[in-house]
$ cat model-v4.cif   # mmCIF, C-alpha atoms
data_work
#
loop_
_atom_site.label_atom_id
_atom_site.label_comp_id
_atom_site.auth_asym_id
_atom_site.auth_seq_id
_atom_site.Cartn_x
_atom_site.Cartn_y
_atom_site.Cartn_z
CA MET A 1262 29.39 73.16 76.90
CA LEU A 1263 26.10 72.68 78.74
CA LYS A 1264 26.15 70.53 81.83
CA SER A 1265 23.45 67.92 82.38
CA SER A 1266 23.19 68.42 86.13
CA LEU A 1267 20.26 70.62 87.12
CA ILE A 1268 20.59 73.38 89.68
CA LEU A 1269 17.62 73.29 92.03
CA PHE A 1270 17.06 76.20 94.37
CA LEU A 1271 15.77 75.25 97.83
CA VAL A 1272 12.58 76.82 99.07
CA ALA A 1273 13.91 77.16 102.61
CA ILE A 1274 15.69 80.49 103.10
CA ILE A 1275 17.75 81.53 106.09
CA HIS A 1276 17.28 85.18 107.10
CA PHE A 1277 19.88 87.10 109.05
CA GLN A 1278 20.69 90.81 109.22
CA GLY A 1279 19.17 91.68 105.86
CA THR A 1280 20.82 88.70 104.20
CA THR A 1281 19.33 85.54 102.74
CA GLN A 1282 21.16 82.31 102.01
CA GLN A 1283 20.05 79.46 99.75
CA ALA A 1284 21.74 76.11 99.23
CA VAL A 1285 22.00 75.16 95.56
CA PRO A 1286 22.32 71.38 95.26
CA GLY A 1287 23.43 69.44 92.20
CA ILE A 1288 26.52 71.33 91.16
CA ASP A 1289 27.21 72.65 94.64
CA PHE A 1290 26.45 76.34 94.75
CA THR A 1291 25.25 78.50 97.60
CA GLN A 1292 23.38 81.71 96.83
CA PHE A 1293 23.46 84.77 99.09
CA SER A 1294 21.46 87.98 98.82
CA LEU A 1295 22.56 91.12 100.65
CA LYS A 1296 19.47 93.27 100.98
CA SER A 1297 19.38 97.00 101.60
CA LYS A 1298 16.76 99.69 101.15
CA HIS A 1299 17.78 100.53 97.59
CA ASP A 1300 19.44 97.39 96.26
CA THR A 1301 19.78 93.63 96.53
CA ILE A 1302 23.21 92.19 95.78
CA ASP A 1303 23.00 88.54 94.76
CA PHE A 1304 26.14 86.43 94.69
CA VAL A 1305 27.00 82.75 94.73
CA VAL A 1306 29.72 80.63 96.30
CA ALA A 1307 30.76 77.41 94.59
CA GLY A 1308 30.12 74.63 97.09
CA THR A 1309 27.56 73.89 99.76
CA ASP A 1310 30.07 72.81 102.39
CA LEU A 1311 30.94 76.09 104.04
CA THR A 1312 32.65 74.50 107.02
CA VAL A 1313 36.08 74.30 105.38
CA LYS A 1314 38.04 77.49 105.92
CA LYS A 1315 39.60 78.79 102.68
CA PRO A 1316 40.46 82.15 101.10
CA VAL A 1317 38.03 83.85 98.71
CA PHE A 1318 38.50 83.91 94.95
CA LEU A 1319 36.22 86.57 93.47
CA PHE A 1320 35.54 86.35 89.73
CA VAL A 1321 33.98 89.41 88.07
CA GLN A 1322 32.26 88.75 84.73
CA GLY A 1323 32.22 91.06 81.71
CA SER A 1324 29.93 93.80 80.48
CA LEU A 1325 26.82 92.01 79.26
CA PRO A 1326 23.64 91.54 81.36
CA ILE A 1327 24.05 87.77 81.51
CA PRO A 1328 22.38 85.92 84.42
CA LEU A 1329 24.49 83.67 86.62
CA PHE A 1330 22.41 80.64 85.63
CA VAL A 1331 20.28 79.77 82.60
CA ASP A 1332 17.83 76.87 82.65
CA PHE A 1333 18.03 75.00 79.32
CA GLY A 1334 15.24 72.54 80.14
CA GLU A 1335 16.25 68.94 79.53
CA GLN A 1336 19.88 69.97 79.16
CA GLY A 1337 19.86 71.36 82.68
CA VAL A 1338 20.91 74.65 84.20
CA TYR A 1339 24.26 76.08 83.18
CA PRO A 1340 26.47 78.38 85.31
CA MET A 1341 27.17 81.14 82.79
CA ALA A 1342 29.91 83.04 84.64
CA LEU A 1343 31.90 80.06 85.90
CA GLY A 1344 30.97 77.27 83.48
CA ASN A 1345 34.18 77.39 81.44
CA PHE A 1346 36.51 76.97 84.42
CA ASP A 1347 38.04 73.93 86.12
CA LEU A 1348 36.05 74.49 89.30
CA LYS A 1349 37.35 71.32 90.94
CA THR A 1350 40.93 72.57 90.86
CA MET A 1351 39.98 76.10 91.85
CA HIS A 1352 37.70 74.92 94.64
CA SER A 1353 40.47 72.85 96.19
CA HIS A 1354 42.23 76.10 97.09
CA TYR A 1355 39.52 78.77 97.30
CA HIS A 1356 35.91 79.60 97.98
CA ILE A 1357 34.93 80.73 94.47
CA VAL A 1358 32.56 83.69 94.42
CA THR A 1359 30.83 85.59 91.64
CA ILE A 1360 28.31 88.43 91.84
CA SER A 1361 25.16 88.74 89.77
CA MET A 1362 24.93 91.67 87.37
CA PRO A 1363 22.91 94.55 88.89
CA LYS A 1364 19.14 94.32 88.41
CA ILE A 1365 19.50 91.00 86.51
CA PRO A 1366 17.88 87.81 87.89
CA VAL A 1367 20.20 85.08 89.15
CA LEU A 1368 18.36 82.23 87.40
CA VAL A 1369 16.26 82.51 84.23
CA SER A 1370 14.88 80.15 81.61
CA SER A 1371 16.44 79.96 78.16
CA ASN A 1372 13.53 81.87 76.56
CA GLN A 1373 14.46 84.91 78.68
CA VAL A 1374 17.88 85.34 77.08
CA ASN A 1375 18.88 86.14 73.51
CA GLU A 1376 21.46 84.30 71.38
CA ARG A 1377 24.26 86.01 73.31
CA TYR A 1378 22.65 84.88 76.60
CA MET A 1379 21.78 88.46 77.55
CA TYR A 1380 18.69 88.87 79.72
CA MET A 1381 15.84 90.46 77.78
CA ALA A 1382 13.48 92.98 79.31
CA ASP A 1383 10.99 92.05 76.58
CA THR A 1384 11.16 88.48 75.26
CA THR A 1385 9.70 89.62 71.93
CA ASN A 1386 12.67 91.98 71.44
CA PRO A 1387 16.09 90.26 71.58
CA ASN A 1388 17.87 93.60 71.91
CA SER A 1389 15.84 94.87 74.86
CA VAL A 1390 18.01 95.63 77.89
CA PRO A 1391 16.36 96.55 81.22
CA ASP A 1392 16.56 100.27 81.94
CA ALA A 1393 17.31 99.48 85.59
CA TYR A 1394 20.42 97.58 84.49
CA LEU A 1395 21.61 100.41 82.23
CA LYS A 1396 21.23 102.92 85.06
CA ALA A 1397 23.28 100.66 87.37
CA ASP A 1398 25.96 99.81 84.80
CA TYR A 1399 28.80 102.04 85.98
CA LEU A 1400 32.19 101.38 87.54
CA GLU A 1401 31.61 102.91 90.98
CA ASN A 1402 28.48 100.80 91.46
CA TYR A 1403 30.29 97.56 90.61
CA VAL A 1404 33.17 98.41 92.93
CA ASN A 1405 30.82 99.32 95.79
CA ARG A 1406 28.81 96.12 95.33
CA ALA A 1407 31.97 94.01 95.27
CA ASN A 1408 33.32 95.67 98.42
CA LYS A 1409 30.04 95.00 100.25
CA VAL A 1410 30.22 91.32 99.29
CA LEU A 1411 33.86 91.09 100.34
CA ALA A 1412 33.14 92.83 103.66
CA PHE A 1413 30.36 90.31 104.33
CA LEU A 1414 32.61 87.37 103.47
CA ARG A 1415 35.42 88.59 105.73
CA LYS A 1416 33.10 88.10 108.70
CA GLN A 1417 32.31 84.45 107.89
CA LYS A 1418 33.97 81.72 109.92
CA TRP A 1419 34.63 79.68 106.78
CA VAL A 1420 36.70 82.43 105.12
CA ASP A 1421 40.48 82.60 105.50
CA ASN A 1422 41.31 86.32 105.33
CA SER A 1423 45.05 85.83 104.88
CA ARG A 1424 44.56 85.86 101.11
CA LEU A 1425 41.99 87.54 98.84
CA VAL A 1426 42.15 86.94 95.10
CA ALA A 1427 40.12 88.94 92.57
CA ALA A 1428 40.00 88.13 88.86
CA GLY A 1429 37.93 89.74 86.14
CA HIS A 1430 37.32 89.35 82.43
CA SER A 1431 36.88 92.22 79.96
CA GLN A 1432 34.86 94.92 81.76
CA GLY A 1433 35.25 92.79 84.87
CA SER A 1434 39.03 93.18 84.66
CA ARG A 1435 38.59 96.96 84.76
CA ILE A 1436 36.52 96.54 87.94
CA VAL A 1437 39.19 94.29 89.47
CA ALA A 1438 41.90 96.82 88.59
CA GLU A 1439 39.90 99.48 90.44
CA LEU A 1440 39.42 97.13 93.40
CA ALA A 1441 43.15 96.47 93.51
CA ALA A 1442 43.86 100.20 93.36
CA THR A 1443 41.49 101.08 96.23
CA ASN A 1444 41.03 98.00 98.41
CA PRO A 1445 44.25 97.05 100.27
CA GLN A 1446 42.73 93.70 101.28
CA ILE A 1447 43.08 92.40 97.70
CA THR A 1448 46.27 90.32 97.75
CA HIS A 1449 46.29 89.14 94.10
CA ALA A 1450 44.58 90.61 91.02
CA GLY A 1451 44.01 88.81 87.72
CA LEU A 1452 43.21 90.78 84.56
CA PHE A 1453 41.80 88.81 81.61
CA GLY A 1454 40.82 90.42 78.30
CA PHE A 1455 42.03 93.66 79.87
CA SER A 1456 42.57 97.07 78.33
CA PRO A 1457 44.11 99.93 80.32
CA LEU A 1458 42.30 102.46 78.13
CA GLY A 1459 38.61 103.06 77.43
CA ARG A 1460 36.22 101.46 74.98
CA VAL A 1461 36.47 104.14 72.31
CA GLN A 1462 40.27 103.91 72.31
CA GLU A 1463 39.97 100.14 71.84
CA GLN A 1464 37.79 100.59 68.76
CA VAL A 1465 40.22 103.14 67.31
CA TRP A 1466 42.96 100.52 67.55
CA VAL A 1467 40.72 97.82 66.06
CA ASN A 1468 39.99 100.05 63.07
CA TYR A 1469 43.70 100.70 62.57
CA LYS A 1470 44.51 96.99 62.81
CA GLU A 1471 41.83 96.15 60.23
CA PHE A 1472 43.29 98.78 57.90
CA ILE A 1473 46.90 97.61 58.10
CA LEU A 1474 45.72 94.03 57.53
CA GLY A 1475 44.04 95.16 54.33
CA HIS A 1476 40.50 94.48 55.54
CA LEU A 1477 39.47 98.13 55.09
CA THR A 1478 40.03 100.56 52.26
CA TRP A 1479 41.47 103.96 53.07
CA GLU A 1480 38.04 105.53 52.69
CA GLU A 1481 36.43 102.95 54.99
CA TYR A 1482 39.19 103.33 57.55
CA GLU A 1483 38.99 107.12 57.64
CA ALA A 1484 35.19 107.01 57.91
CA LYS A 1485 35.36 104.60 60.86
CA GLN A 1486 37.95 106.68 62.71
CA ASN A 1487 35.97 109.85 62.15
CA GLN A 1488 32.91 108.03 63.44
CA GLN A 1489 34.72 107.21 66.69
CA THR A 1490 35.73 110.86 67.06
CA GLU A 1491 32.13 111.96 66.65
CA PHE A 1492 30.95 109.30 69.06
CA GLN A 1493 33.39 110.54 71.70
CA LYS A 1494 31.98 114.04 71.21
CA GLN A 1495 28.47 112.68 71.84
CA ILE A 1496 29.58 110.89 75.00
CA THR A 1497 31.30 114.00 76.32
CA ALA A 1498 28.42 116.32 75.44
CA ASP A 1499 25.74 114.12 77.04
CA LYS A 1500 24.38 115.62 80.26
CA GLY A 1501 22.77 112.44 81.52
CA GLU A 1502 19.76 112.38 79.21
CA ASP A 1503 20.76 109.10 77.51
CA ILE A 1504 21.22 106.19 79.95
CA GLY A 1505 22.96 104.25 77.18
CA PHE A 1506 25.98 106.51 77.61
CA ILE A 1507 26.41 105.66 81.32
CA PRO A 1508 28.94 102.81 80.88
CA TRP A 1509 30.77 104.70 78.12
CA LYS A 1510 31.28 107.62 80.51
CA SER A 1511 32.25 105.39 83.42
CA PHE A 1512 34.56 102.78 81.90
CA THR A 1513 37.12 105.19 80.50
CA GLY A 1514 40.17 103.15 81.43
CA ILE A 1515 42.43 103.14 84.46
CA GLY A 1516 45.46 104.54 82.64
CA PHE A 1517 48.98 103.11 82.48
CA GLU A 1518 50.46 105.30 85.22
CA ARG A 1519 47.73 104.58 87.79
CA LEU A 1520 47.85 100.88 86.95
CA ALA A 1521 51.61 100.88 87.54
CA LYS A 1522 51.17 102.45 90.98
CA ILE A 1523 48.93 99.63 92.26
CA LYS A 1524 50.81 97.85 95.05
CA THR A 1525 48.88 94.58 94.67
CA PRO A 1526 50.59 91.87 92.59
CA ILE A 1527 48.94 91.78 89.15
CA TYR A 1528 48.59 88.93 86.65
CA ILE A 1529 47.73 89.80 83.04
CA ALA A 1530 46.59 87.03 80.67
CA LEU A 1531 47.03 88.40 77.16
CA ALA A 1532 45.43 86.68 74.15
CA THR A 1533 47.23 87.72 70.96
CA GLU A 1534 44.05 87.79 68.86
CA ASP A 1535 42.21 89.97 71.38
CA LYS A 1536 41.25 93.43 70.16
CA CYS A 1537 43.05 95.09 73.08
CA ALA A 1538 46.18 92.91 73.04
CA PHE A 1539 48.40 95.65 71.65
CA LEU A 1540 47.40 98.05 74.43
CA SER A 1541 48.16 95.41 77.06
CA GLU A 1542 51.59 94.86 75.48
CA LEU A 1543 52.45 98.40 76.55
CA ILE A 1544 51.82 97.64 80.23
CA PRO A 1545 55.30 96.19 81.00
CA ILE A 1546 56.92 99.28 79.46
CA TYR A 1547 55.06 101.56 81.86
CA PHE A 1548 55.66 99.19 84.78
CA ILE A 1549 59.40 99.46 84.17
CA GLN A 1550 59.20 103.25 84.07
CA PHE A 1551 57.32 103.40 87.37
CA GLY A 1552 59.26 100.62 89.09
CA LYS A 1553 56.49 98.03 89.42
CA THR A 1554 57.97 94.55 89.43
CA ASN A 1555 55.37 92.41 91.23
CA TYR A 1556 53.43 91.33 88.17
CA GLN A 1557 53.20 88.54 85.60
CA LEU A 1558 52.24 88.92 81.94
CA LYS A 1559 51.27 85.65 80.29
CA ARG A 1560 50.76 85.57 76.50
CA TYR A 1561 48.46 83.08 74.77
CA ASN A 1562 49.19 82.91 71.07
CA GLY A 1563 46.28 82.55 68.64
CA LEU A 1564 43.48 82.98 71.18
CA GLU A 1565 40.75 85.62 71.05
CA HIS A 1566 39.03 87.73 73.70
CA ASN A 1567 37.33 84.74 75.36
CA TYR A 1568 40.36 82.45 74.98
CA PHE A 1569 39.02 80.41 72.08
CA PRO A 1570 41.48 79.50 69.29
CA VAL A 1571 41.32 81.49 66.05
CA LEU A 1572 41.74 79.23 63.02
CA ALA A 1573 43.77 80.00 59.89
CA ASP A 1574 40.64 81.16 58.07
CA GLY A 1575 39.86 83.63 60.83
CA LYS A 1576 36.97 81.64 62.28
CA VAL A 1577 36.77 80.99 66.01
CA ASP A 1578 36.98 77.40 67.26
CA TYR A 1579 34.30 77.36 69.94
CA GLU A 1580 34.75 73.63 70.57
CA ASN A 1581 38.23 73.90 72.05
CA GLY A 1582 38.16 76.77 74.50
CA LYS A 1583 41.19 77.32 76.72
CA TRP A 1584 39.56 79.14 79.66
CA ALA A 1585 40.25 76.31 82.12
CA GLU A 1586 43.93 76.19 81.18
CA VAL A 1587 44.24 79.99 81.32
CA MET A 1588 42.52 80.30 84.69
CA ASN A 1589 44.38 77.38 86.27
CA ALA A 1590 47.69 79.06 85.40
CA PHE A 1591 46.52 82.15 87.28
CA VAL A 1592 45.39 80.06 90.26
CA GLU A 1593 48.83 78.44 90.40
CA TRP A 1594 50.50 81.88 90.29
CA SER A 1595 48.23 83.18 93.07
CA LEU A 1596 49.33 80.37 95.37
CA LYS A 1597 53.02 81.21 95.16
#
$ encode --input "model-v4.cif" --output "structure tokens"
Amino acid sequence: MLKSSLILFLVAIIHFQGTTQQAVPGIDFTQFSLKSKHDTIDFVVAGTDLTVKKPVFLFVQGSLPIPLFVDFGEQGVYPMALGNFDLKTMHSHYHIVTISMPKIPVLVSSNQVNERYMYMADTTNPNSVPDAYLKADYLENYVNRANKVLAFLRKQKWVDNSRLVAAGHSQGSRIVAELAATNPQITHAGLFGFSPLGRVQEQVWVNYKEFILGHLTWEEYEAKQNQQTEFQKQITADKGEDIGFIPWKSFTGIGFERLAKIKTPIYIALATEDKCAFLSELIPIYFIQFGKTNYQLKRYNGLEHNYFPVLADGKVDYENGKWAEVMNAFVEWSLK
């Protein structure tokens, strides 16, 4: 999966109105930083030629504190958020944009991430997550950051504002759903690995699925479900003392009814082996009840949460990912 081309960040930085811009040669990325008193929002645009006027395609990554780029030494620097896509096809229609996770560096070396490519606050502890990230890991913050980036982009001469596409994966799809519900400038919304309900509800369904498949005994199943009930009690009872509960409190799900009332056209890419696939299958039922017809639900049989095939033995085939195919289908839909 790693690309051999190395991303080199230029030393020269252009300053204007609290914003910095860096050209990223090699694989054609441009980095921007929107600076304010309390935060710096880093984001990148695929391409260094910003003279061609095109609409914006915003991709919002999932829940983990993964940097936008990881330097793997001789293997080069890999774009973590966009590396699985067919950027050539996407770039022919859009300026592709993605925003760095809050309080996480844009570019790090491979010894600064763990085996899941999560940025480590302490390189001797693979499970160490920066406190600053945990405190910033809530829905309203992501939506506000995205809106600031989109407001900046709308003012650029190279942006065509007649169309604005937002797509998100996993937690990112929840952010995109909220953007579509509150930002009328979003013209198309893509939800990938999406669940309309919260994280605890997802795990309740996963436990039930494991039980009916015979992977859990009755005693194991009941214990796991009771555990989720107790965990929800802890989340609800927390008064802000534990920063680890912040995302659990925030990402509670958008709800079927509110999702159905979004006026923006919505595209849902459903992978049948995804843990939240069953919940997404309910979406068309609610859309019918509330009269929403401007949507597309696309099913991908035998793929898991990240659109990798699941083999007959239950193992995931990481050599034959389908992200490019899945995303290109959405791009084609967004152009209609």
$ resolve_selection --input "model-v4.cif" --expression "the PyMOL selection byres ((chain A and resi 1424) around 10)" --output "ChimeraX atom specification"
/A:1315-1318,1355,1420-1423,1425-1426,1446-1449,1595-1596
$ residues_near_point --input "model-v4.cif" --point "(44.7, 90.4, 86.1)" --cutoff "10 Å" --atoms "only C-alpha atoms" --output "number ranges by chain"
A: 1426-1430, 1433-1435, 1437-1438, 1441, 1449-1455, 1526-1531, 1556-1559, 1591
$ atom_distance --input "model-v4.cif" --atom1 "atom CA of Asn1468 of chain A" --atom2 "atom CA of Phe1539 of chain A"
12.8 Å
$ resolve_selection --input "model-v4.cif" --expression "the PyMOL selection byres ((chain A and resi 1510-1522) around 6)" --output "list in words"
Tyr1399, Leu1400, Pro1457, Leu1458, Gly1459, Ile1507, Pro1508, Trp1509, Ile1523, Phe1548 and Lys1553 of chain A
$ atom_distance --input "model-v4.cif" --atom1 "atom CA of Ile1504 of chain A" --atom2 "atom CA of Asn1405 of chain A"
19.8 Å
$ resolve_selection --input "model-v4.cif" --expression "the PyMOL selection byres ((chain A and resi 1561-1576) around 7)" --output "list in words"
Gly1454, Leu1531, Ala1532, Thr1533, Glu1534, Asp1535, Lys1559, Arg1560, Val1577, Asp1578, Tyr1579, Asn1581, Gly1582, Lys1583 and Trp1584 of chain A
$ closest_residue --input "model-v4.cif" --among "A:Ala1498, A:Ile1327, A:Thr1281, A:Ile1357" --to "Pro1391 of chain A" --atoms "all atoms listed in the file"
A:Ile1327
$ decode --input "model-v4.cif" --residues "segment 1333-1421 of chain A" --atoms "C-alpha atoms" --output "mmCIF file, in the first residue's frame"
data_model
loop_
_atom_site.group_PDB
_atom_site.id
_atom_site.type_symbol
_atom_site.label_atom_id
_atom_site.label_comp_id
_atom_site.auth_asym_id
_atom_site.auth_seq_id
_atom_site.Cartn_x
_atom_site.Cartn_y
_atom_site.Cartn_z
ATOM 1 C CA PHE A 1333 8.251 5.405 6.407
ATOM 2 C CA GLY A 1334 11.877 6.213 5.599
ATOM 3 C CA GLU A 1335 13.090 4.495 2.445
ATOM 4 C CA GLN A 1336 9.524 3.561 1.538
ATOM 5 C CA GLY A 1337 8.562 7.214 1.460
ATOM 6 C CA VAL A 1338 5.773 9.224 3.018
ATOM 7 C CA TYR A 1339 2.264 7.839 2.793
ATOM 8 C CA PRO A 1340 -0.974 9.894 2.779
ATOM 9 C CA MET A 1341 -2.943 8.059 5.459
ATOM 10 C CA ALA A 1342 -6.377 9.630 4.946
ATOM 11 C CA LEU A 1343 -6.450 9.590 1.147
ATOM 12 C CA GLY A 1344 -3.983 6.845 0.225
ATOM 13 C CA ASN A 1345 -6.589 4.206 -0.620
ATOM 14 C CA PHE A 1346 -8.461 6.349 -3.143
ATOM 15 C CA ASP A 1347 -8.133 6.825 -6.901
ATOM 16 C CA LEU A 1348 -6.981 10.417 -6.522
ATOM 17 C CA LYS A 1349 -6.390 10.862 -10.252
ATOM 18 C CA THR A 1350 -10.057 10.261 -11.053
ATOM 19 C CA MET A 1351 -11.290 12.298 -8.108
ATOM 20 C CA HIS A 1352 -8.909 15.161 -8.826
ATOM 21 C CA SER A 1353 -10.140 15.448 -12.403
ATOM 22 C CA HIS A 1354 -13.464 16.693 -11.023
ATOM 23 C CA TYR A 1355 -12.708 18.196 -7.600
ATOM 24 C CA HIS A 1356 -10.219 19.886 -5.338
ATOM 25 C CA ILE A 1357 -9.836 17.103 -2.758
ATOM 26 C CA VAL A 1358 -9.516 18.356 0.808
ATOM 27 C CA THR A 1359 -8.969 16.619 4.132
ATOM 28 C CA ILE A 1360 -8.480 18.110 7.598
ATOM 29 C CA SER A 1361 -5.920 16.983 10.144
ATOM 30 C CA MET A 1362 -7.220 15.516 13.390
ATOM 31 C CA PRO A 1363 -7.236 18.135 16.179
ATOM 32 C CA LYS A 1364 -3.948 18.511 18.078
ATOM 33 C CA ILE A 1365 -2.295 15.821 15.909
ATOM 34 C CA PRO A 1366 0.749 16.695 13.737
ATOM 35 C CA VAL A 1367 0.266 16.649 9.974
ATOM 36 C CA LEU A 1368 3.477 14.721 9.236
ATOM 37 C CA VAL A 1369 5.250 12.305 11.602
ATOM 38 C CA SER A 1370 7.859 9.582 11.318
ATOM 39 C CA SER A 1371 6.882 5.922 11.540
ATOM 40 C CA ASN A 1372 8.320 5.586 15.071
ATOM 41 C CA GLN A 1373 5.733 8.120 16.295
ATOM 42 C CA VAL A 1374 2.751 5.920 15.437
ATOM 43 C CA ASN A 1375 1.688 2.533 16.770
ATOM 44 C CA GLU A 1376 0.705 -0.530 14.715
ATOM 45 C CA ARG A 1377 -2.685 1.054 14.000
ATOM 46 C CA TYR A 1378 -0.912 4.240 12.806
ATOM 47 C CA MET A 1379 -2.246 6.226 15.767
ATOM 48 C CA TYR A 1380 -0.037 9.095 16.923
ATOM 49 C CA MET A 1381 1.556 8.342 20.289
ATOM 50 C CA ALA A 1382 2.019 10.964 22.973
ATOM 51 C CA ASP A 1383 4.756 8.747 24.417
ATOM 52 C CA THR A 1384 6.681 6.574 21.950
ATOM 53 C CA THR A 1385 7.452 4.073 24.720
ATOM 54 C CA ASN A 1386 3.711 3.508 25.249
ATOM 55 C CA PRO A 1387 1.825 2.405 22.103
ATOM 56 C CA ASN A 1388 -1.535 3.134 23.729
ATOM 57 C CA SER A 1389 -0.733 6.702 24.767
ATOM 58 C CA VAL A 1390 -3.131 9.227 23.244
ATOM 59 C CA PRO A 1391 -2.464 12.974 23.690
ATOM 60 C CA ASP A 1392 -4.748 14.532 26.291
ATOM 61 C CA ALA A 1393 -5.144 17.588 24.044
ATOM 62 C CA TYR A 1394 -6.601 15.354 21.335
ATOM 63 C CA LEU A 1395 -9.026 13.657 23.742
ATOM 64 C CA LYS A 1396 -10.277 17.031 24.958
ATOM 65 C CA ALA A 1397 -10.849 18.158 21.349
ATOM 66 C CA ASP A 1398 -12.451 14.897 20.187
ATOM 67 C CA TYR A 1399 -16.113 15.898 20.104
ATOM 68 C CA LEU A 1400 -18.650 16.403 17.336
ATOM 69 C CA GLU A 1401 -19.220 20.152 17.681
ATOM 70 C CA ASN A 1402 -15.481 20.815 17.431
ATOM 71 C CA TYR A 1403 -15.125 18.779 14.234
ATOM 72 C CA VAL A 1404 -18.123 20.499 12.663
ATOM 73 C CA ASN A 1405 -16.854 23.959 13.612
ATOM 74 C CA ARG A 1406 -13.374 23.203 12.255
ATOM 75 C CA ALA A 1407 -14.818 21.874 9.000
ATOM 76 C CA ASN A 1408 -17.041 24.927 8.565
ATOM 77 C CA LYS A 1409 -14.055 27.251 9.075
ATOM 78 C CA VAL A 1410 -12.104 25.385 6.401
ATOM 79 C CA LEU A 1411 -15.058 25.460 4.007
ATOM 80 C CA ALA A 1412 -15.620 29.181 4.635
ATOM 81 C CA PHE A 1413 -11.959 29.837 3.819
ATOM 82 C CA LEU A 1414 -12.136 27.762 0.643
ATOM 83 C CA ARG A 1415 -15.271 29.534 -0.588
ATOM 84 C CA LYS A 1416 -13.252 32.746 -0.803
ATOM 85 C CA GLN A 1417 -10.517 31.255 -3.012
ATOM 86 C CA LYS A 1418 -10.489 32.089 -6.710
ATOM 87 C CA TRP A 1419 -9.721 28.473 -7.600
ATOM 88 C CA VAL A 1420 -12.871 27.118 -5.911
ATOM 89 C CA ASP A 1421 -16.125 26.631 -7.824
#
